[in-house]
Each structure stands twice: as C-alpha cells, then as structure tokens.
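K.L.:
To start, I am sharing the structure in question, which I have written as structure tokens.
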Amino acid sequence: MTAQPEVPDGAPAIELRGISKAFGPVQANKGIDLRVSRGTIHGIIGENGAGKSTLMSILYGFYRPDSGEILIGGNPITITDSQTAIRAGIGMVFQHFKLVQNFTVLENVILGAEDGRLLRPSLSRARGELKRLASEYELQVDPDALVEDLSVGHQQRVEILKALYRQADILILDEPTGVLTPAEADHLFRILRGLRDEGKTIILITHKLREIMEITDNVSVMRRGEMVASVTTSETSPTQLAELMVGRKVLLRVEKAPAQPGAPVLEVRGLRMVDAAGVERLRGIDLDIRAGEVLGIAGVAGNGQTQLLEILGGYPEAGAKIEGALRLKGQPLPLTGSDAGARRKAGIGHVPEDRQVEGLIMDFSAWENVAFGYHDAPEFQSGWLMDQSAIRADAQAKIEHFDVRPPNPELAAKNFSGGNQQKIVVAREVERNPDLLLIGQPTRGVDIGAIEFIHKRIIALRDAGKAVLLVSVELDEIMALADRIAVMFDGRIMGERLPEEATTADLGCLMAGIEPGTIAPQDAIPPAALHVPAEGA
Amino acid sequence: MDFPTILQILDSAVRLMTPLLLACLAGLYSERAGVFDIGLEGKMLMAAFTAASVAYATDSAWLGLIAGILGAVLMSLIHGLAAITFRGNQLISGVAINFLASGLTVLLGQKIFGLAGRTPSLAGPARFSEITLPFAEALRPVPVIGPIYAELISGHTILVYIAFAMVPLTWWVLYRTRFGLRLRAVGENPASVDTAGVSVTRLRYAAVMICGALCGIAGAYLATGISAGFVKEMTAGRGFIALAALIFAKWRPWGALGACFLFGLFEALANRFPNLDLGFVTVPSMFMSALPYILTVVILAGFVGRAIPPRAGGEPYVKER
C-alpha cells in the first residue's frame, strides 16, 4: 500500500464539484456538488433511480464522470479504476457483497491486496491484522471460516474488514442494512460509530429515513440525478427529508381504521415442507387469516417465507415433500396437484416476492402482463381465440387506475421503473378483488411515492372485507400495515404480536430465533439461522 | 494376469493418459478462471498438425513442440477474443474452434504435403525419443521394484514427465500463489476480483493462454511422441474425454491425475485385449474400444456424485451498474 498524500487541515475528506454523468439519453447525475467532512458519518438518501449508486460508482472508479471534479482530502484526483480509488483510501461495501463464497475469510481479505507472488506471508500478516481490527472495532469473524458458512451480518463484516485491510480512510456503504436483523443492524451501527471516532469518514447510502436519523451527522438528499439538499441531521426531520426526496408531501404513516376481522378465509394447519435437497424449510406452520385483516409475516429473508408463499400460491418447488392441511373459506384446499391458475380461480390473488422473475415476463408488454394468470377469464375470450381488444382495454383501465407511468400498455415490462413494474403486478391481482391476497415484499426496490400508493391499496382491500397475507423483510412496513404480526424463523412461527404492543427489540429477538424472556448476547445468534440463500447474494 | 503383463498394461496406460492429462489440466486453468472450453479437442488437433509439420520441416522435435504450443495458443486467443473481449457464448466459440481445427488441419495438410491430410512420417530427431532413466538397466534384476522402475517409470519421452510434473505444479500455482488465488476467485465471482482493483480480462486471458500452451504440449505429444506424424482427426475425441475427466476430477489437479489414469487404463485394456475372453462369452473388440467413451457417458450422467463447477463458469463478465 502506498502512503496517502498529506491532507491539508480542514479540507473535506471528499469534495465533488459539478459531477455529471449520462448513460445515453438518461442523465444519471447532474452537476452534483458534495462535501463530506472528515470523521463524520454522512448519509446520502434518495429514491431508487435518484442517482446515488451511479455517484458512488464514479467515486469507486467504475465510471468516469462526463464532467466535474473529485477532490480527496483537498487534492484533485482522477479516479480511472477501482485500483486508483483503493489507493486514494476509498473502501466500498456493496449492497450485494463481492465475496468469493468458497474462499475463507482470510483469502477474501487479501484478494487483490496480496503482499507478493506467494500467499503465505500475506495470509499470516492478514491474520494478525484481522485480530487487531477485530478487537479495535467489534469486527469479530473467524478468519478460517468459509464465507458461504457465515451469516449475512458476518459477511458484511468481512467486506468492511477488506476495506480496512486496504487502509481505507473513507468507507462507503450501499444500503447496508437491507439484509440484516435489527440486532445486526445495531451492531453495524456500533461498528460505524467506532470507526468514525477513530477518524474514518463514512458515507452511508440508504433509503431508510430511520437509519439516517439514527446514525448520520449530515445528510444529503438526491432526487432525479440532482443533489437537492445537504443538511445537518440534527436540524432536520424525517418528514422534511421525505419531502425533499420525493419533491412533494408524503404520508410516512399509513392511515387506517381499526381492523374489523371476520371469519377465517384461509386456515393453515401443520404445514411442513422438505425441499428437494432434503432441507426442512417449513416445520409445522399454523395460521388463520381472517376476512378484513392484514396478517403480516416478519422475518429475515430465507426463513421459510418464500416457501410458504409458493405453497399457498400453488407452485411449490419441484420435488418438495409437503404435509399439512389448508382450508379456504371453510372448504379444503388441495396442498399439491393444484397450480397457480387454479389458486387464482379459487379466489387467491398473489403478488410474488420477486416481480422480475415470478411476477412479470420482462420482455412482454404491460397489457400482456396485466392479463397473465387471468388470461383464460371468460371476458377475455372471443370464441376459441383471445379477445385482444378486451384485454387491452382492461389493461389500459387498470394501468390508469394504478397510475402506472408511463401509462402505455404497449411498453415492455422491463422498460418500466421498479415501482411501476410493481404497480402493474399489484394492479393485476388487486383489481380482481380476490378473497385472499398473498403479497410478498410489496415494496422492495420501490420508491417512496409508489410505496405510499401500494400501501393504500392493500389497506383498501382489507377495508373491503378481504384477507391479506403480507410477507415482508421490512419491519417498518409490517408495523405500518399489519393488524397482526407473526414472526417466522427457521420454518416456524416464533410468535404472534399485535402491532400496537410490539416493539422493534421484541420482534428483533423473535426474528433471530430467540424466545422472549431468554436473554442472549448480541452475537449468540446462530449463524446458520440467519443464512440468506442465493436470492440475497 | 501375470506381473509383466500388468506392468505392460500400466506402462501403456501412462502413455495413453499423458495427452488426456495435459488437456485436462489445460481445461482446469481455463474453467477455474470461468471460461468454459469445449475447444480442447480443436486446440490439440491444431497443435498436433503444427508440431508435426514444423518437426518434419526442421527435423527437430523441440521446434515442433514450440510450433505446437504456438498453434494451440493461437486458437486460444480466438476463443479468448470471442468469450472474454466480445462476451460471446463460450460453448459456441468452443464448437467453432473444433470445426475450424478439424477443417484447417486437413486443408493445410493436403495443400502442403499432398498426402490426403497426413504429414509425412517423422523419424529420428523429429520425434521425441524415450528417455532411459539412470540405473534402469542396473536395477532391473531387483524383484518388483526393479521392473517397475525400468518398465513403468523409465523409458518415456520427456513430454510424459512434463505432464506428470504439471500436476503438483498446477496444485502449487492454484493454492499457493497470488496468481492462483486470483484465478480461482475470477472463476467464482469475477466482481470480487474487479472491485479489488484487479483486471478480470487480463486474468482470464492469462488462464486461456496457459490452457492453449498445455493443449499445445498435448498435441505435440500425440504427433511427435506417441505417433510419428499427424493423421487426420488424430485426437479422436481426447479433448472431450479430458473434459469428462475434468468434471470427474471436480476441477482439482490431483483429481485430474486420477481421472486421466482411469481413462488411460481403459484405453490400454482395450488395446491389450481386443477380444476379451471371459470363458463363457467373448467380449467383441468394438465394445472394448468403445469402453473409454462409455465410461465418459456414465461419468457425465452424474455417476460421480455432485460436481460443482466454478460458479461464474461460462458467463462473460459484465460490470454491473
């Protein structure tokens, strides 16, 4: 590692002047100015597509800006590639970790920063260095563990250790808490505060207002490629930040009347599932979802929520063994042998967790996507052909009703933004007025404006006396929407809570598989339990 | 079966496994770096042709070897250009290389030598001769060890010893050097290498070139070591068997040694007993010569259990936004 240049006193750690970057006709960054003071935690907040990631990619040498200037510690610098960025003391923790799964922690840490042609000296130096960093910053990780055996929280620590091993002075974290339990997120924040107190500069990119308020010293807001404000965190409020992000007033809280639950719409009894690889994914689930209520399933991704939704939606993983009983409106519902189409006909609407893989066919047009799953409905038929004009008219109406932008049903699904793609899926399922709506991660990667809209629709469906099963890894979302919260951990329901009585800490314990009342240290969370499968990696 | 017969079969297995082992290790470098290569066959064939031609023209096996390596590396560069630089489909590029080599060798051979796609027979210094190791004759009378040393270990061409030495060398490079660490990483998760500030393209090209060089040695061995000249399609599917061996070996160097030995042994058995008489029935020669290929199919059908290929294998690396 080369010595870093002398930093003039008082110069900001990073200063950007008029950074612009366009991808074809899309102006991702427009004249961005940013000053990040040394030894602070600086939040950058903005909706999806606001240009946060592009800006950080420019800082890390993935893109060259079309114009503008970057100063690190007061010295102008041209960042041509990641190597330059690393040498300038910038470390990056990506949202999707850049780790080699079947390498050990040590191997991952030295990769690209080896001391010489042979590995042995680098490995032993890294081992010592890791020990020092671990005790200094609460960054304990077993250096000889394979990364694939580590929990997501620990994998993230490896990423931070990688940056620190390269002597990063400026640490950029992109949406670091998306895959963490509340306890893990708290631990991360303690690490970040420790690093800041040692004089490191931290840039935290997030869309979660709560995190910005909790941990940052200053915050900059991006909207549509522009930096619209930079403020001191203590002098602002979540409402003000949300308004700056979206450019209009936003309701952060979902307004809803108390639920009026009726008879159970779906009864799940003793649901067990062993997947094709022989792993028991569901270990006896009992649930009642009643008319006129939203049942929220909280939990860290990968604890059986996906399998539950797939079974209820009628398309369990091939080769899985499933046991248990389902009753829909009092009538037995076959566990297997059914398909997604039959479930829809029985009155179960389904917004799947991954809209790009399960919810939409990305290359097909919006009107085709709006019809899918219901394309054999009688009103769409004309003799033995499909009535295309009826389907188009129907799609046009739904798209307008859901304010999908642009309101062009001929456009392929992939050409809509994440939020509008999700609106297409939600429109398709909700407008059919199902008795039961299964909805997984309704607002993942969706901007605040669309979140507000989708949340209102879910509540409206509930108020119309329908049952909603909401699965989300966003605890805030569950707290805001659910009338009852069930927490899933390792294929079981750990417990049920009412949102008005539940605390984040209490739910966090359940999410980590800790029974209430038993006190466990932060790090005693079994790593295997928090392992998130491929989807997050 | 008596001891001398077993020794002869094993000796023959060693000769026959050598090109497989070199090609298998060649594939190992390429695939560990995330570039699938079904063009091993074509590279070997091209190398066999260039090696035989140059060895004939210069009367030097060593110049032939160099020409073989150059011929195969040239094919590797084409594969690299298609698969790494232009992010094309690696399988299709590999198939193209096989076709290209198959056609080009015959065409050039006919044009240059006019012998229906063959090269003239090589003799003397144009071939690699067998090396007798020190004390081979002196030790021969020693029971068991003597014949093993004299028959099995001694008396091969230098290329055989190179091939066997490549096994520990490859292991050492992969697991003990910086280059090996990066090579394995780029085949598993190229983004991890890229974000660490190391060029994915350069690493993959390096791997593909090593692959070409090893295929070159394998081809040269076929044309100037085990036979005396190039014959049309003389690789006879060895490149594909090497690929099967690579999967059987689970992409590990020592595994490659074992897998290639097994294939070599089957080929040696088929050569030794064309009509295997089991007493009650005589196994026809066609079946015996088909054995290595049958074994390939059985192994590829998943008989070996779960073989996990390098995770980024077959996928061109595109920097994400």
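Residues are referred to by chain and number: the chain letter is A, B, ... according to the order shown in the structure tokens, the number counts from 1 in that chain, and ligands are numbered separately from 1 in the order shown.
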Can you pull out the residues contacting Gln83 (chain A)? Cut-off 9 Å, using only C-alpha atoms, and skip same-chain residues under 5 positions away; I want them as a PyMOL selection string.
P.N.:
(chain A and resi 60-61+88) or (chain B and resi 195-198)
K.L.:
Please produce, as a Markdown table, a per-residue contact table for chain A versus chain B (criterion: any atom at most 6 Å away, only C-alpha atoms considered), showing the nearest atom pair and its distance in Å to one decimal, sorted by chain then residue number.
P.N.:
```
| residue | atom | partner | partner_atom | distance |
| --- | --- | --- | --- | --- |
| A:Ser82 | CA | B:Gly197 | CA | 4.7 |
| A:Gln83 | CA | B:Gly197 | CA | 4.2 |
| A:Lys98 | CA | B:Ser192 | CA | 4.4 |
| A:Leu99 | CA | B:Ser192 | CA | 5.5 |
| A:Val100 | CA | B:Asn189 | CA | 5.6 |
| A:Gly112 | CA | B:Ala196 | CA | 5.2 |
| A:Arg117 | CA | B:Arg178 | CA | 5.0 |
| A:Leu118 | CA | B:Thr177 | CA | 4.4 |
| A:Leu119 | CA | B:Thr177 | CA | 5.2 |
```
K.L.:
Only C-alpha atoms, please: the residues just picked out, written as an mmCIF file, in the first residue's frame.
P.N.:
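Saved to out37.cif:
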```
data_model
loop_
_atom_site.group_PDB
_atom_site.id
_atom_site.type_symbol
_atom_site.label_atom_id
_atom_site.label_comp_id
_atom_site.auth_asym_id
_atom_site.auth_seq_id
_atom_site.Cartn_x
_atom_site.Cartn_y
_atom_site.Cartn_z
ATOM 1 C CA SER A 82 -11.039 0.710 -8.628
ATOM 2 C CA GLN A 83 -7.300 0.421 -8.032
ATOM 3 C CA LYS A 98 -18.346 -9.013 -3.627
ATOM 4 C CA LEU A 99 -17.076 -12.069 -1.808
ATOM 5 C CA VAL A 100 -15.895 -15.407 -3.121
ATOM 6 C CA GLY A 112 -6.147 -8.175 -4.765
ATOM 7 C CA ARG A 117 3.621 -13.548 -5.518
ATOM 8 C CA LEU A 118 3.311 -16.178 -2.797
ATOM 9 C CA LEU A 119 0.320 -16.325 -0.493
#
```
K.L.:
Could you name the residues that touch region 81-83 of chain B at 10 Å or less, counting only C-alpha atoms, but leaving out those on the same chain fewer than 3 positions away, as a list in words?
P.N.:
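Counting only the stated atoms, we get Val35, Phe36, Asp37, Met75, Ser76, Leu77, Ile78, Phe86, Arg87, Gly88, Asn89, Gln90, Leu91, Ile92, Ser93, Gly94, Arg204, Tyr205, Gly314, Glu315, Pro316 and Tyr317 of chain B.
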K.L.:
Would you export the selected residues with N, CA and C atoms as a compact mmCIF listing (two decimals), in the first residue's frame, please?
P.N.:
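Writing the result to result.txt gives the following:
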```txt
# COMPACT_ATOMS: atom_id res chain seq x y z
N VAL B 35 -13.84 -19.59 -17.78
CA VAL B 35 -14.04 -19.66 -19.23
C VAL B 35 -14.18 -21.14 -19.60
N PHE B 36 -15.38 -21.56 -19.91
CA PHE B 36 -15.59 -22.95 -20.32
C PHE B 36 -14.93 -23.16 -21.67
N ASP B 37 -14.36 -24.34 -21.83
CA ASP B 37 -13.61 -24.58 -23.06
C ASP B 37 -13.90 -25.98 -23.58
N MET B 75 -5.29 -20.58 -31.31
CA MET B 75 -6.69 -20.96 -31.19
C MET B 75 -7.27 -20.43 -29.87
N SER B 76 -6.47 -20.47 -28.81
CA SER B 76 -6.91 -19.96 -27.52
C SER B 76 -7.23 -18.48 -27.60
N LEU B 77 -6.39 -17.77 -28.36
CA LEU B 77 -6.61 -16.32 -28.49
C LEU B 77 -7.94 -16.04 -29.18
N ILE B 78 -8.26 -16.89 -30.18
CA ILE B 78 -9.55 -16.72 -30.86
C ILE B 78 -10.68 -16.93 -29.85
N PHE B 86 -15.36 -10.11 -26.50
CA PHE B 86 -16.66 -9.81 -27.10
C PHE B 86 -17.82 -10.46 -26.35
N ARG B 87 -17.53 -11.10 -25.22
CA ARG B 87 -18.55 -11.66 -24.34
C ARG B 87 -19.51 -12.59 -25.07
N GLY B 88 -18.96 -13.37 -25.98
CA GLY B 88 -19.80 -14.29 -26.75
C GLY B 88 -20.09 -15.53 -25.95
N ASN B 89 -20.86 -16.41 -26.55
CA ASN B 89 -21.18 -17.67 -25.91
C ASN B 89 -19.98 -18.60 -25.98
N GLN B 90 -19.53 -19.05 -24.81
CA GLN B 90 -18.28 -19.81 -24.75
C GLN B 90 -18.41 -21.19 -25.38
N LEU B 91 -19.59 -21.78 -25.29
CA LEU B 91 -19.77 -23.10 -25.88
C LEU B 91 -19.70 -23.01 -27.40
N ILE B 92 -20.37 -21.99 -27.93
CA ILE B 92 -20.41 -21.86 -29.38
C ILE B 92 -19.01 -21.56 -29.91
N SER B 93 -18.30 -20.70 -29.21
CA SER B 93 -16.94 -20.39 -29.62
C SER B 93 -16.09 -21.66 -29.59
N GLY B 94 -16.27 -22.49 -28.58
CA GLY B 94 -15.51 -23.74 -28.47
C GLY B 94 -15.83 -24.69 -29.62
N ARG B 204 -8.29 -13.61 -17.12
CA ARG B 204 -8.92 -14.66 -17.93
C ARG B 204 -8.09 -14.94 -19.18
N TYR B 205 -7.51 -13.89 -19.75
CA TYR B 205 -6.64 -14.13 -20.90
C TYR B 205 -5.43 -14.97 -20.49
N GLY B 314 -18.62 -20.03 -17.68
CA GLY B 314 -19.50 -19.90 -18.83
C GLY B 314 -20.13 -18.54 -19.00
N GLU B 315 -19.94 -17.67 -18.01
CA GLU B 315 -20.60 -16.37 -18.11
C GLU B 315 -19.59 -15.26 -18.36
N PRO B 316 -19.79 -14.52 -19.43
CA PRO B 316 -18.89 -13.38 -19.63
C PRO B 316 -19.11 -12.36 -18.52
N TYR B 317 -18.05 -11.68 -18.13
CA TYR B 317 -18.19 -10.72 -17.03
C TYR B 317 -18.61 -9.36 -17.56
```
K.L.:
Quick one: pick out all helix (DSSP H, G or I) residues within region 138-315 of chain B from a backbone DSSP run and write them as a count of residues only.
P.N.:
124
K.L.:
Have a look at CA of Ser151 (chain A) and CA of Ile202 (chain A) and let me know their distance in Å, one decimal.
P.N.:
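These atoms are spaced 23.2 Å apart.
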K.L.:
Which residues, written as an mmCIF file with N, CA and C atoms, in the first residue's frame, have at least one atom at most 6 Å from Lys466 (chain A), with only C-alpha atoms counted and residues fewer than 6 positions away on the same chain left out?
P.N.:
```
data_model
loop_
_atom_site.group_PDB
_atom_site.id
_atom_site.type_symbol
_atom_site.label_atom_id
_atom_site.label_comp_id
_atom_site.auth_asym_id
_atom_site.auth_seq_id
_atom_site.Cartn_x
_atom_site.Cartn_y
_atom_site.Cartn_z
ATOM 1 N N ALA A 291 -60.998 -12.556 7.260
ATOM 2 C CA ALA A 291 -61.510 -11.517 6.375
ATOM 3 C C ALA A 291 -61.337 -10.165 7.050
ATOM 4 N N GLY A 292 -60.965 -9.154 6.295
ATOM 5 C CA GLY A 292 -60.874 -7.804 6.836
ATOM 6 C C GLY A 292 -59.657 -7.563 7.703
ATOM 7 N N ASP A 435 -60.456 -12.916 -2.664
ATOM 8 C CA ASP A 435 -60.851 -13.093 -1.263
ATOM 9 C C ASP A 435 -59.633 -13.034 -0.368
#
```
K.L.:
From the options B:Ile247, B:Ile131, B:Val231, B:Val73, which residue's atoms come nearest to Ala301 (chain B), counting only C-alpha atoms?
P.N.:
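Nearest candidate to Ala301 (chain B) out of B:Ile247, B:Ile131, B:Val231, B:Val73: B:Ile247.
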K.L.:
Fewer than 4 positions away in the same chain doesn't count, so skip those; otherwise give me all residues within 9 Å of Ile160 (chain A), counting only C-alpha atoms, as a PyMOL selection string.
P.N.:
chain A and resi 91-93+139+155-156+164-165+171+173
K.L.:
Write out as number ranges by chain all residues of region 258-289 of chain A that DSSP puts in strand (DSSP E or B) for this structure's backbone.
P.N.:
A: 264-274, 280-289
